[in-house]
Amino acid sequence: MGFFIITLSFCFIVLLLFLLTIYIYFRLLVAVLEKNDVPQWIYKFGQGFRGRFAIGKLDDITDSTALKEATLFILNFFLANILLLIIIYYKTHNFPVTLYTCLKAEFAIVIAVIIFTYTSRLILLLLNIKKKPAYRYSSSNAVIGSIFFTSFAFTLCVSITGFPEKPIEIQLDKTNVIIGKTKASELLDAGFTFTKKTPESEIINKRNDHFYYGELVEIVRNDKSYGFMSITPTWKDVDKLKDCVITYYKIPADSRILSTVKFNHTDLSQLTIHDFRTKNLTDIFSLNPVDYKEVKHDTDFLLKLQTADYTLWQRYIIQANFTADASPFYYSVRAQHTIWE
C-alpha cells in the first residue's frame, strides 16, 4: 500500500509541473497583451534554465517576440509527438503500443525540440543581415524549462508505473470472472460457494506474500469443484468474503470440469504442451497486450502482462504447468498490485 501512495504522490507532482507550465505560459500571454513584464520569479526561472544552451545572461524582457518563441516551441513539441506517433503506428499498426512508446519517449522528444530550437535561433542570428537587436528571452526560456522538467518527470513516471493492461477474463461454465476486479458476491449470486466459508466469513489479508493475497479457498457449484481462488479484501486487511475481490485462480488439469473453464474464451482442455512450445502465448489466449513478457521453460510457461512495477496498474500473469511426461498439471491466472501487499 505504501508504494501505491508514493506513486500517486509522484503522479501528483507531475500534474503540478504540468499546471505550472500552463500558468507560466498564461502569465507570459497576459503580460504581452497588457504590455507588462512577467513576475520576477519567471525571469529567474528562465535564467536558471540556461545550462549549456546559452552564453551569458539572458534578457529579462517580455514582448510579442518572446511569446512567439514560447508558442513556436510548444507547437514544435506537439508536431514532434504527432510525427513520432505516425511513424510508430505505420510500423506497428497498433495504437496502444504506439501511444505507450511515445509516452516513454517524451523526454527524448523535448531534448530534440530544444536542440532544434536553439540551432534554428543560431542560424537566424547568423543570417541577421539587417543587424536588428536579437534578444535572448528569459521569459520564453522559462516556458521551455518548465516543459523540460515536466517531460522529464512524466517520462520517469511512465517508466515506473508502466501502461494499464486489459484485465484477464476467465469463464467458469459461462460465468465471467475478471481477475483483480470481480467480487466474490458476484460468484455467490451465480450459484457458486466457497468451501468452509459463508458470505459473512471474515477474510484476512496478512500481506506477507507477493503472489497470494488474502485466503486461498476452493470454489464449488453443484458439488463440483471449479478449482481454487484467492479471496482478497480490496482496501482493508480484514473484510467479509462477499465484499472481497478475486485476485488468483487455479484449476488442476485433471479436473473433471476443465472443459467448462476458459481463459479469455480459450478452452483449456484443448491445449497441449506442443501449443505452448510452438506458439506465442499471446496468440494462444487471443491477447493483444501493450507491454508483456513471455517466459518459456521445458514444462512451465508464463505470460506476464504489464512488466513495470505494479505500484499503480495491476499486473496479470497467466501460467501453464506440465509434468515431466508433458501432461498438463495446472493452469492459473493472477493479478498483482501493491494495494494488496
# chains A, B, ... in the order shown; residues from 1 in each chain; ligands from 1

call {"tool": "select_by_dssp", "arguments": {"residues": "segment 51-143 of chain A", "states": "alpha helix (DSSP H)", "output": "VMD selection string"}}
result
chain A and resid 64 to 92 95 to 104 106 to 126 138 to 143

call {"tool": "residues_around", "arguments": {"residues": "segment 35-51 of chain A", "least_positions_apart": "3", "cutoff": "9 Å", "atoms": "only C-alpha atoms", "output": "PDB file with C-alpha atoms, in the first residue's frame"}}
result
ATOM      1  CA  ILE A  24       3.859  30.380 -16.826  1.00  0.00           C
ATOM      2  CA  ARG A  27       1.274  34.799 -17.411  1.00  0.00           C
ATOM      3  CA  LEU A  28       3.509  35.446 -20.425  1.00  0.00           C
ATOM      4  CA  VAL A  30      -1.321  38.152 -20.328  1.00  0.00           C
ATOM      5  CA  ALA A  31       1.843  40.222 -19.829  1.00  0.00           C
ATOM      6  CA  VAL A  32       2.308  40.650 -23.584  1.00  0.00           C
ATOM      7  CA  ALA A  54      23.072  29.987 -23.681  1.00  0.00           C
ATOM      8  CA  ILE A  55      26.220  32.003 -23.135  1.00  0.00           C
ATOM      9  CA  GLY A  56      25.997  34.766 -20.569  1.00  0.00           C
ATOM     10  CA  LYS A  57      22.883  36.175 -19.008  1.00  0.00           C
ATOM     11  CA  LEU A  58      19.558  36.131 -20.827  1.00  0.00           C
ATOM     12  CA  ASP A  59      17.492  39.255 -21.374  1.00  0.00           C
ATOM     13  CA  ASP A  60      14.693  39.889 -18.865  1.00  0.00           C
ATOM     14  CA  ILE A  61      12.319  41.218 -21.490  1.00  0.00           C
ATOM     15  CA  THR A  62       8.674  40.464 -22.163  1.00  0.00           C
ATOM     16  CA  ASP A  63       7.357  41.260 -25.637  1.00  0.00           C
ATOM     17  CA  SER A  64       5.496  39.679 -28.531  1.00  0.00           C
ATOM     18  CA  TYR A 137      14.488  35.983 -23.658  1.00  0.00           C
ATOM     19  CA  SER A 138      14.454  34.567 -20.152  1.00  0.00           C
ATOM     20  CA  SER A 139      10.640  34.792 -20.228  1.00  0.00           C
ATOM     21  CA  SER A 140      10.255  32.357 -23.139  1.00  0.00           C
ATOM     22  CA  ASN A 141      13.091  30.250 -21.736  1.00  0.00           C
ATOM     23  CA  ALA A 142      11.026  29.809 -18.565  1.00  0.00           C
ATOM     24  CA  VAL A 143       8.275  28.150 -20.614  1.00  0.00           C
ATOM     25  CA  ILE A 144      10.817  25.879 -22.309  1.00  0.00           C
ATOM     26  CA  GLY A 145      12.406  24.999 -18.979  1.00  0.00           C
ATOM     27  CA  SER A 146       9.058  24.153 -17.433  1.00  0.00           C
TER      28      SER A 146
END

call {"tool": "closest_residue", "arguments": {"among": "A:Pro164, A:Pro199, A:Gly2, A:Pro233", "to": "Asp291 of chain A", "atoms": "only C-alpha atoms"}}
result
A:Pro164

call {"tool": "atom_distance", "arguments": {"atom1": "atom CA of Leu302 of chain A", "atom2": "atom CA of Gln171 of chain A"}}
result
19.4 Å

call {"tool": "atom_distance", "arguments": {"atom1": "atom CA of Phe78 of chain A", "atom2": "atom CA of Lys91 of chain A"}}
result
20.3 Å

call {"tool": "residues_around", "arguments": {"residues": "Val97 of chain A", "least_positions_apart": "6", "cutoff": "9 Å", "atoms": "only C-alpha atoms", "output": "MDAnalysis selection string"}}
result
chainID A and resid 88:89 289:291

call {"tool": "closest_residue", "arguments": {"among": "A:Asp237, A:Ile170, A:Gln314, A:Glu294", "to": "His265 of chain A", "atoms": "only C-alpha atoms"}}
result
A:Ile170
